[in-house]
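Asks: File target-v8.csv below, CSV, C-alpha atoms and all ligand atoms:
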```csv
chain,number,residue,atom,x,y,z
A,12,MET,CA,29.0,-64.1,-10.6
A,13,LEU,CA,27.6,-67.4,-9.3
A,14,ASN,CA,24.9,-68.1,-11.8
A,15,GLY,CA,24.2,-71.8,-12.2
A,16,LYS,CA,25.9,-72.7,-8.9
A,17,THR,CA,24.3,-74.3,-5.9
A,18,ALA,CA,25.6,-73.3,-2.5
A,19,ILE,CA,24.9,-74.9,0.9
A,20,VAL,CA,25.1,-72.4,3.8
A,21,THR,CA,25.1,-73.9,7.3
A,22,GLY,CA,23.5,-71.8,10.0
A,23,GLY,CA,22.2,-69.8,7.0
A,24,SER,CA,19.0,-68.5,8.6
A,25,ARG,CA,20.4,-65.6,10.7
A,26,GLY,CA,23.4,-63.4,11.3
A,27,ILE,CA,26.5,-64.0,9.2
A,28,GLY,CA,25.0,-67.1,7.5
A,29,GLU,CA,21.9,-65.1,6.5
A,30,ALA,CA,24.1,-62.4,5.0
A,31,ILE,CA,26.1,-65.0,3.0
A,32,SER,CA,22.9,-66.7,1.8
A,33,CYS,CA,21.5,-63.4,0.5
A,34,LYS,CA,24.8,-62.2,-0.9
A,35,PHE,CA,25.4,-65.5,-2.9
A,36,ALA,CA,21.7,-65.3,-4.1
A,37,SER,CA,22.3,-61.8,-5.3
A,38,LEU,CA,25.2,-63.2,-7.4
A,39,GLY,CA,22.9,-65.8,-8.9
A,40,ALA,CA,23.5,-68.9,-6.8
A,41,ASP,CA,20.7,-71.3,-5.7
A,42,ILE,CA,20.9,-71.7,-2.0
A,43,ALA,CA,20.3,-74.7,0.4
A,44,VAL,CA,19.9,-73.2,3.8
A,45,ILE,CA,20.8,-75.5,6.7
A,46,TYR,CA,19.2,-74.5,10.0
A,47,ALA,CA,19.4,-76.1,13.4
A,48,GLY,CA,15.9,-75.6,14.8
A,49,GLN,CA,13.9,-72.6,13.7
A,50,ARG,CA,12.1,-73.5,10.6
A,51,SER,CA,10.1,-70.3,10.4
A,52,ALA,CA,13.3,-68.2,10.5
A,53,ALA,CA,14.9,-70.3,7.7
A,54,GLU,CA,11.7,-70.1,5.6
A,55,GLU,CA,11.5,-66.4,6.1
A,56,VAL,CA,15.1,-65.9,4.8
A,57,CYS,CA,14.3,-68.1,1.8
A,58,ASP,CA,11.2,-66.0,1.0
A,59,ARG,CA,12.2,-62.5,2.0
A,60,CYS,CA,15.6,-62.4,0.6
A,61,ILE,CA,16.9,-65.3,-1.5
A,62,ARG,CA,14.0,-65.9,-3.8
A,63,GLY,CA,13.8,-62.2,-4.4
A,64,TYR,CA,16.8,-62.6,-6.6
A,65,GLY,CA,15.0,-65.1,-8.8
A,66,VAL,CA,17.1,-68.1,-7.6
A,67,ARG,CA,16.0,-71.3,-5.9
A,68,ALA,CA,16.0,-71.6,-2.1
A,69,LYS,CA,15.1,-74.4,0.2
A,70,ALA,CA,15.6,-74.9,4.0
A,71,PHE,CA,16.9,-78.2,5.4
A,72,GLN,CA,16.9,-78.9,9.2
A,73,CYS,CA,20.2,-80.6,10.2
A,74,ASN,CA,22.4,-80.7,13.2
A,75,VAL,CA,25.9,-80.4,11.6
A,76,ALA,CA,27.5,-82.2,14.5
A,77,ASP,CA,25.6,-85.4,13.6
A,78,PHE,CA,27.6,-87.3,11.0
A,79,GLU,CA,24.6,-89.5,9.8
A,80,MET,CA,22.2,-86.6,9.7
A,81,VAL,CA,24.6,-84.6,7.6
A,82,LYS,CA,25.0,-87.5,5.2
A,83,GLU,CA,21.2,-87.7,4.8
A,84,THR,CA,20.8,-84.0,4.4
A,85,VAL,CA,23.6,-83.6,1.8
A,86,ALA,CA,21.9,-86.5,-0.1
A,87,ALA,CA,18.5,-84.7,0.1
A,88,ILE,CA,20.1,-81.5,-1.2
A,89,LYS,CA,21.7,-83.3,-4.1
A,90,ALA,CA,18.4,-85.0,-4.9
A,91,ASP,CA,16.6,-81.6,-4.8
A,92,PHE,CA,19.2,-79.3,-6.5
A,93,GLY,CA,20.9,-81.8,-8.8
A,94,ALA,CA,24.4,-80.7,-7.8
A,95,VAL,CA,26.3,-78.8,-5.2
A,96,HIS,CA,29.2,-76.5,-6.1
A,97,ILE,CA,29.8,-74.4,-3.0
A,98,LEU,CA,29.8,-75.2,0.7
A,99,VAL,CA,29.9,-72.6,3.4
A,100,ASN,CA,30.6,-73.9,6.9
A,101,ASN,CA,29.2,-71.1,9.0
A,102,ALA,CA,27.3,-72.8,11.8
A,103,GLY,CA,28.9,-72.1,15.1
A,104,ILE,CA,28.3,-71.8,18.8
A,105,THR,CA,30.0,-70.4,21.9
A,106,ARG,CA,30.0,-71.8,25.4
A,107,ASP,CA,32.4,-69.3,27.1
A,108,GLY,CA,34.1,-69.9,30.4
A,109,LEU,CA,37.6,-69.9,31.9
A,110,THR,CA,39.4,-73.2,31.2
A,111,ALA,CA,39.9,-73.9,34.9
A,112,MET,CA,36.2,-74.1,35.4
A,113,MET,CA,35.0,-75.2,32.0
A,114,LYS,CA,32.6,-78.2,31.9
A,115,GLU,CA,33.5,-81.1,29.7
A,116,GLU,CA,30.2,-80.9,27.9
A,117,ASP,CA,30.8,-77.2,27.0
A,118,PHE,CA,34.2,-78.1,25.5
A,119,ASP,CA,32.7,-81.0,23.6
A,120,ALA,CA,29.7,-79.1,22.3
A,121,VAL,CA,31.7,-76.3,20.8
A,122,LEU,CA,34.3,-78.7,19.2
A,123,ASP,CA,31.4,-80.9,17.9
A,124,THR,CA,29.6,-78.1,16.2
A,125,ASN,CA,32.3,-75.8,15.1
A,126,LEU,CA,35.0,-78.2,14.0
A,127,LYS,CA,33.5,-81.7,13.6
A,128,GLY,CA,30.4,-80.1,12.0
A,129,ALA,CA,32.6,-78.6,9.3
A,130,PHE,CA,34.4,-81.9,8.8
A,131,ASN,CA,31.0,-83.7,8.6
A,132,MET,CA,29.8,-81.3,5.9
A,133,ILE,CA,33.1,-81.4,3.9
A,134,ARG,CA,33.3,-85.2,4.2
A,135,HIS,CA,29.8,-85.7,2.6
A,136,CYS,CA,30.2,-83.0,0.0
A,137,ILE,CA,33.5,-84.0,-1.4
A,138,GLY,CA,32.0,-86.8,-3.5
A,139,LEU,CA,29.7,-84.3,-5.2
A,140,PHE,CA,32.5,-81.9,-5.8
A,141,LEU,CA,34.7,-84.7,-7.3
A,142,ARG,CA,31.8,-85.5,-9.7
A,143,ASN,CA,31.5,-81.9,-10.8
A,144,ARG,CA,35.3,-81.6,-11.2
A,145,GLU,CA,35.0,-78.4,-9.2
A,146,GLY,CA,34.1,-77.3,-5.7
A,147,CYS,CA,34.6,-74.5,-3.3
A,148,ILE,CA,34.6,-74.7,0.5
A,149,ILE,CA,34.5,-71.7,2.7
A,150,ASN,CA,35.0,-72.2,6.4
A,151,ILE,CA,34.0,-69.4,8.8
A,152,THR,CA,36.7,-69.4,11.5
A,153,SER,CA,37.5,-66.5,13.8
A,154,VAL,CA,40.3,-64.2,14.9
A,155,ALA,CA,40.0,-66.2,18.2
A,156,GLY,CA,41.5,-69.1,16.3
A,157,LEU,CA,44.5,-67.0,15.3
A,158,MET,CA,45.1,-65.1,18.5
A,159,GLY,CA,43.4,-67.1,21.3
A,160,ASN,CA,41.0,-65.4,23.6
A,161,ALA,CA,40.7,-65.7,27.4
A,162,GLY,CA,37.4,-67.3,28.3
A,163,GLN,CA,37.1,-69.0,25.0
A,164,SER,CA,39.6,-71.8,25.0
A,165,ASN,CA,37.0,-74.2,23.5
A,166,TYR,CA,35.9,-71.8,20.8
A,167,SER,CA,39.5,-70.7,20.0
A,168,ALA,CA,40.6,-74.3,19.7
A,169,SER,CA,37.7,-75.2,17.4
A,170,LYS,CA,38.4,-72.2,15.2
A,171,ALA,CA,42.2,-72.9,15.1
A,172,GLY,CA,41.3,-76.5,14.2
A,173,LEU,CA,39.2,-75.2,11.4
A,174,ILE,CA,42.2,-73.4,10.0
A,175,GLY,CA,44.2,-76.6,10.0
A,176,LEU,CA,41.3,-78.4,8.4
A,177,THR,CA,41.0,-75.7,5.7
A,178,LYS,CA,44.7,-75.9,4.7
A,179,SER,CA,44.8,-79.7,4.8
A,180,VAL,CA,41.7,-80.0,2.6
A,181,ALA,CA,43.0,-77.4,0.3
A,182,LYS,CA,46.2,-79.4,-0.2
A,183,GLU,CA,44.4,-82.7,-0.6
A,184,LEU,CA,41.9,-81.5,-3.2
A,185,ALA,CA,43.6,-78.7,-5.2
A,186,SER,CA,44.6,-81.1,-8.0
A,187,ARG,CA,40.9,-82.0,-8.4
A,188,GLY,CA,39.8,-78.4,-8.9
A,189,ILE,CA,38.4,-78.1,-5.4
A,190,ARG,CA,39.4,-75.0,-3.4
A,191,CYS,CA,39.1,-74.6,0.4
A,192,ASN,CA,39.5,-71.2,2.2
A,193,ALA,CA,38.5,-69.6,5.4
A,194,VAL,CA,37.2,-66.3,6.5
A,195,ALA,CA,38.3,-65.1,10.0
A,196,PRO,CA,35.9,-62.4,11.3
A,197,GLY,CA,36.7,-60.2,14.3
A,198,PHE,CA,33.8,-58.6,16.2
A,199,ILE,CA,30.7,-58.7,14.0
A,200,ALA,CA,27.4,-57.4,15.2
A,201,THR,CA,25.1,-60.4,15.4
A,202,ASP,CA,23.1,-62.3,18.0
A,203,MET,CA,26.4,-64.1,19.0
A,204,THR,CA,28.0,-60.8,20.0
A,205,ASP,CA,24.9,-59.2,21.5
A,206,GLY,CA,26.1,-57.2,24.5
A,207,GLN,CA,29.8,-57.2,23.5
A,208,THR,CA,29.9,-53.5,22.7
A,209,GLU,CA,31.4,-52.9,26.1
A,210,ASN,CA,34.1,-55.6,25.6
A,211,PRO,CA,37.5,-53.8,25.9
A,212,LEU,CA,38.7,-55.7,22.8
A,213,VAL,CA,36.1,-53.8,20.7
A,214,ALA,CA,37.7,-50.5,21.8
A,215,ALA,CA,41.1,-51.9,20.5
A,216,ILE,CA,39.8,-52.5,16.9
A,217,PRO,CA,42.1,-50.3,14.7
A,218,LEU,CA,39.2,-49.4,12.4
A,219,GLY,CA,37.3,-48.2,15.5
A,220,LYS,CA,34.0,-50.2,15.2
A,221,MET,CA,32.5,-53.6,15.0
A,222,GLY,CA,31.9,-55.2,11.6
A,223,GLU,CA,28.6,-56.0,9.9
A,224,ALA,CA,27.5,-59.4,8.7
A,225,LEU,CA,27.7,-58.1,5.2
A,226,ASP,CA,31.4,-57.4,5.5
A,227,VAL,CA,31.9,-61.2,6.1
A,228,ALA,CA,29.5,-62.1,3.3
A,229,GLU,CA,31.5,-59.9,0.8
A,230,ALA,CA,34.7,-61.7,1.8
A,231,ALA,CA,33.0,-65.1,1.3
A,232,ALA,CA,31.7,-63.9,-2.1
A,233,TYR,CA,35.2,-63.0,-3.1
A,234,LEU,CA,36.5,-66.4,-2.1
A,235,ALA,CA,33.7,-68.1,-3.9
A,236,GLN,CA,34.8,-66.4,-7.1
A,237,ALA,CA,38.6,-66.3,-6.6
A,238,GLY,CA,39.6,-69.2,-8.8
A,239,TYR,CA,43.3,-69.0,-8.1
A,240,VAL,CA,43.0,-68.7,-4.3
A,241,THR,CA,43.1,-71.8,-2.0
A,242,GLY,CA,44.3,-72.5,1.5
A,243,GLU,CA,43.9,-68.8,2.4
A,244,VAL,CA,42.6,-67.4,5.7
A,245,LEU,CA,41.1,-64.0,5.0
A,246,ARG,CA,40.7,-61.7,8.1
A,247,VAL,CA,37.7,-59.5,8.2
A,248,ASP,CA,38.4,-57.9,11.6
A,249,GLY,CA,38.9,-54.1,11.3
A,250,GLY,CA,42.6,-54.9,11.8
A,251,ILE,CA,42.4,-56.4,15.3
A,252,ALA,CA,44.5,-59.5,14.6
A,253,MET,CA,47.2,-57.9,12.5
B,301,LIG,P1,24.7,-66.7,15.2
B,301,LIG,O1,24.6,-67.4,16.6
B,301,LIG,O2,23.8,-65.6,14.9
B,301,LIG,O3,24.4,-67.8,14.1
B,301,LIG,C1,25.0,-69.1,14.2
B,301,LIG,C2,24.1,-70.0,13.3
B,301,LIG,O4,24.6,-71.4,13.4
B,301,LIG,C3,22.7,-70.1,13.8
B,301,LIG,O5,21.8,-70.0,12.7
B,301,LIG,C4,22.5,-71.4,14.5
B,301,LIG,O6,21.2,-72.0,14.4
B,301,LIG,C5,23.5,-72.3,13.6
B,301,LIG,N1,23.9,-73.5,14.3
B,301,LIG,C6,24.5,-73.5,15.6
B,301,LIG,N2,24.7,-74.8,15.9
B,301,LIG,C7,24.3,-75.6,14.8
B,301,LIG,C8,24.2,-77.0,14.5
B,301,LIG,N3,24.7,-77.9,15.4
B,301,LIG,N4,23.7,-77.4,13.3
B,301,LIG,C9,23.3,-76.5,12.4
B,301,LIG,N5,23.3,-75.1,12.6
B,301,LIG,C10,23.8,-74.7,13.8
B,301,LIG,O7,26.2,-66.4,15.0
B,301,LIG,P2,27.0,-65.5,13.9
B,301,LIG,O8,27.6,-64.4,14.6
B,301,LIG,O9,26.1,-65.2,12.7
B,301,LIG,O10,28.2,-66.5,13.6
B,301,LIG,C11,28.3,-67.2,12.4
B,301,LIG,C12,29.7,-67.8,12.3
B,301,LIG,O11,30.6,-66.8,12.4
B,301,LIG,C13,30.0,-68.8,13.5
B,301,LIG,O12,30.7,-69.9,13.1
B,301,LIG,C14,30.8,-67.9,14.4
B,301,LIG,O13,31.7,-68.6,15.2
B,301,LIG,C15,31.6,-67.1,13.4
B,301,LIG,N6,32.1,-65.8,13.9
B,301,LIG,C16,31.3,-64.8,14.4
B,301,LIG,C17,31.8,-63.7,14.9
B,301,LIG,C18,31.0,-62.6,15.4
B,301,LIG,O14,31.5,-61.6,15.9
B,301,LIG,N7,29.6,-62.6,15.3
B,301,LIG,C19,33.3,-63.5,14.9
B,301,LIG,C20,34.0,-64.6,14.4
B,301,LIG,C21,33.5,-65.7,13.9
```
Just dump the structure as structure tokens.
Ligand code: NAI

Replies:
Amino acid sequence: MLNGKTAIVTGGSRGIGEAISCKFASLGADIAVIYAGQRSAAEEVCDRCIRGYGVRAKAFQCNVADFEMVKETVAAIKADFGAVHILVNNAGITRDGLTAMMKEEDFDAVLDTNLKGAFNMIRHCIGLFLRNREGCIINITSVAGLMGNAGQSNYSASKAGLIGLTKSVAKELASRGIRCNAVAPGFIATDMTDGQTENPLVAAIPLGKMGEALDVAEAAAYLAQAGYVTGEVLRVDGGIAM
């Protein structure tokens, strides 16, 4: 259970982030939902799902790629909730294209959100975790970061980088009671993978189907409660990357 804990979930207002926000709320955690732009969607998740479990919820607008905005947002969350115990770095984007034709801004945008965004959040939460003498970081990476994927060199690089970040942070902070793990989803049915059902990689999934956002949320919930697990990358991929 996560009673008495406060969790920040970036990109927490839809898809996998929404499922994680709701799952953690069902386990008793208060939730700070970070959303990029759509306040109404974030407020809706807070109302419809999170508060239904009798926990606190509040939405904060923040571009995770912006170091200063993240600093201000984490300070605002601390002021509002009093403490932060769990950080889920879920916000992510794709800008797919073959490397030979990829625009520089598409490479930068994906790295800035998916990798630097996670660094920004971790960087500004560490002080709070050190004060608690506990903390739990969960980074949502991807099987693309383990296997590579043609047409996604920017995305795969960002997600592989996130695995390196996860393991380094885990090593740096284990002695202070702070754990850092990653979940590597395969093909999960969300807005991000809309229209991917015809992708030949989907047909190659050993378990024979795409996953659900809840499958990833349950893995994140396990890691949030697994006190002796750190530096792990947990695949939730129907077996595609084994
Ligand atoms: P989604 O596109 O539905 O949700 C992504 C969320 O991130 C959105 O709420 C969006 O507003 C937020 N976001 C994007 N840029 C942001 C920024 N700069 N600042 C703050 N928030 C920002 O995607 P989905 O599928 O729910 O993905 C969630 C995470 O899971 C992503 O990191 C994605 O890379 C990862 N993932 C998804 C897979 C899938 O098959 N859907 C597979 C493997 C990994």

Asks: Work out how far apart CA of Thr204 (chain A) and atom N7 of ligand LIG 301 (chain B) are and give it in Å to one decimal.

Replies: 5.3 Å

Asks: For ligand LIG 301 (chain B), collect every residue having any atom at a distance of at most 6 Å from a ligand atom (counting only C-alpha atoms and all ligand atoms); output as number ranges by chain.

Replies: A: 21-28, 46-47, 73-76, 101-104, 124, 151-153, 196-204

Asks: Can those selected residues be exported to a file as an mmCIF file, in the coordinates of the input so that it contains C-alpha atoms?

Replies:
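Writing done, so here's again-v5.cif:
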```cif
data_model
loop_
_atom_site.group_PDB
_atom_site.id
_atom_site.type_symbol
_atom_site.label_atom_id
_atom_site.label_comp_id
_atom_site.auth_asym_id
_atom_site.auth_seq_id
_atom_site.Cartn_x
_atom_site.Cartn_y
_atom_site.Cartn_z
ATOM 1 C CA THR A 21 25.100 -73.900 7.300
ATOM 2 C CA GLY A 22 23.500 -71.800 10.000
ATOM 3 C CA GLY A 23 22.200 -69.800 7.000
ATOM 4 C CA SER A 24 19.000 -68.500 8.600
ATOM 5 C CA ARG A 25 20.400 -65.600 10.700
ATOM 6 C CA GLY A 26 23.400 -63.400 11.300
ATOM 7 C CA ILE A 27 26.500 -64.000 9.200
ATOM 8 C CA GLY A 28 25.000 -67.100 7.500
ATOM 9 C CA TYR A 46 19.200 -74.500 10.000
ATOM 10 C CA ALA A 47 19.400 -76.100 13.400
ATOM 11 C CA CYS A 73 20.200 -80.600 10.200
ATOM 12 C CA ASN A 74 22.400 -80.700 13.200
ATOM 13 C CA VAL A 75 25.900 -80.400 11.600
ATOM 14 C CA ALA A 76 27.500 -82.200 14.500
ATOM 15 C CA ASN A 101 29.200 -71.100 9.000
ATOM 16 C CA ALA A 102 27.300 -72.800 11.800
ATOM 17 C CA GLY A 103 28.900 -72.100 15.100
ATOM 18 C CA ILE A 104 28.300 -71.800 18.800
ATOM 19 C CA THR A 124 29.600 -78.100 16.200
ATOM 20 C CA ILE A 151 34.000 -69.400 8.800
ATOM 21 C CA THR A 152 36.700 -69.400 11.500
ATOM 22 C CA SER A 153 37.500 -66.500 13.800
ATOM 23 C CA PRO A 196 35.900 -62.400 11.300
ATOM 24 C CA GLY A 197 36.700 -60.200 14.300
ATOM 25 C CA PHE A 198 33.800 -58.600 16.200
ATOM 26 C CA ILE A 199 30.700 -58.700 14.000
ATOM 27 C CA ALA A 200 27.400 -57.400 15.200
ATOM 28 C CA THR A 201 25.100 -60.400 15.400
ATOM 29 C CA ASP A 202 23.100 -62.300 18.000
ATOM 30 C CA MET A 203 26.400 -64.100 19.000
ATOM 31 C CA THR A 204 28.000 -60.800 20.000
#
```

Asks: May I ask which of the residues A:Ala90, A:Leu176, A:Ala111, A:Leu98 is the closest one to Phe35 (chain A), counting only C-alpha atoms?

Replies: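 Smallest separation from Phe35 (chain A) among the options: A:Leu98.
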
Asks: Which is closer to Ala155 (chain A) than all the others in A:Arg59, A:Arg246, A:Arg50, A:Lys69, using all atoms listed in the file?

Replies: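 Among the listed residues, A:Arg246 lies closest to Ala155 (chain A).
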
Asks: Taking all atoms listed in the file into account, name the residue in A:Ala214, A:Leu225, A:Ile251, A:Ala129 that is nearest to Phe78 (chain A).

Replies: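 Of A:Ala214, A:Leu225, A:Ile251, A:Ala129, the one nearest Phe78 (chain A), counting all atoms listed in the file, is A:Ala129.
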
Asks: Dump as a PyMOL selection string all residues having an atom at most 7 Å from (37.0, -80.4, -5.5), computed in the file's coordinates with only C-alpha atoms.

Replies: chain A and resi 137+140-141+144-147+184-185+187-190

Asks: Under the rule of at most 12 Å, produce a per-residue listing of region 78-116 of chain A near region 62-67 of chain A: chain, number, name, the closest pair of atoms, and the distance in Å, as a tab-separated table, using only C-alpha atoms.

Replies:
```
residue	atom	partner	partner_atom	distance
A:Ile88	CA	A:Arg67	CA	12.0
A:Asp91	CA	A:Arg67	CA	10.4
A:Phe92	CA	A:Arg67	CA	8.6
A:Gly93	CA	A:Arg67	CA	11.9
```

Asks: So that I can see what lies close to Asn125 (chain A), please list as a PyMOL selection string the residues with an atom at most 6 Å from it, counting only C-alpha atoms and leaving out residues fewer than 3 positions away in the same chain.

Replies: chain A and resi 103+121-122+128+169

Asks: Give me the residues within 12 Å of Ala87 (chain A) as a compact mmCIF listing (two decimals) with C-alpha atoms, keeping the file's coordinate frame, counting only C-alpha atoms and dropping any in the same chain fewer than 3 places off.

Replies:
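Written file, part27.txt:
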```txt
# COMPACT_ATOMS: atom_id res chain seq x y z
CA ILE A 19 24.90 -74.90 0.90
CA ALA A 43 20.30 -74.70 0.40
CA ILE A 45 20.80 -75.50 6.70
CA LYS A 69 15.10 -74.40 0.20
CA ALA A 70 15.60 -74.90 4.00
CA PHE A 71 16.90 -78.20 5.40
CA GLN A 72 16.90 -78.90 9.20
CA CYS A 73 20.20 -80.60 10.20
CA MET A 80 22.20 -86.60 9.70
CA VAL A 81 24.60 -84.60 7.60
CA LYS A 82 25.00 -87.50 5.20
CA GLU A 83 21.20 -87.70 4.80
CA THR A 84 20.80 -84.00 4.40
CA ALA A 90 18.40 -85.00 -4.90
CA ASP A 91 16.60 -81.60 -4.80
CA PHE A 92 19.20 -79.30 -6.50
CA GLY A 93 20.90 -81.80 -8.80
CA ALA A 94 24.40 -80.70 -7.80
CA VAL A 95 26.30 -78.80 -5.20
CA HIS A 135 29.80 -85.70 2.60
CA CYS A 136 30.20 -83.00 0.00
```

Asks: Please identify all polymer residues within 7 Å of Leu245 (chain A), counting all atoms listed in the file, omitting same-chain residues fewer than 2 positions from it, and present them as number ranges by chain.

Replies: A: 193-195, 243, 247

Asks: Counting all atoms listed in the file, what is within 8 Å of Ile216 (chain A), bar same-chain residues fewer than 3 positions away, as a short mmCIF file (atom, residue, chain, number, x, y, z; two decimals) with C-alpha atoms, in the frame of the given file?

Replies:
```
data_model
loop_
_atom_site.label_atom_id
_atom_site.label_comp_id
_atom_site.auth_asym_id
_atom_site.auth_seq_id
_atom_site.Cartn_x
_atom_site.Cartn_y
_atom_site.Cartn_z
CA LEU A 212 38.70 -55.70 22.80
CA VAL A 213 36.10 -53.80 20.70
CA GLY A 219 37.30 -48.20 15.50
CA LYS A 220 34.00 -50.20 15.20
CA MET A 221 32.50 -53.60 15.00
CA ASP A 248 38.40 -57.90 11.60
CA GLY A 249 38.90 -54.10 11.30
CA GLY A 250 42.60 -54.90 11.80
CA ILE A 251 42.40 -56.40 15.30
#
```

Asks: So, counting only C-alpha atoms, which residue among A:Val56, A:Ile133, A:Leu13, A:Ala181 is closest to Leu38 (chain A)?

Replies: A:Leu13

Asks: Quick one: pull the distance between CA of Met132 (chain A) and CA of Gly48 (chain A), Å, one decimal.

Replies: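 So the two atoms, CA of Met132 (chain A) and CA of Gly48 (chain A), lie 17.5 Å apart.
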
Asks: If I take CA of Ala168 (chain A) and CA of Gly156 (chain A), how far is one from the other in Å, to one decimal?

Replies: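 About the pair CA of Ala168 (chain A) and CA of Gly156 (chain A): they are 6.3 Å apart.
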
Asks: Given only C-alpha atoms as the basis, pick out the residue of A:Glu55, A:Glu79, A:Asp119, A:Glu29 nearest to Ser164 (chain A).

Replies: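 Among the listed residues, the smallest separation from Ser164 (chain A) belongs to A:Asp119.
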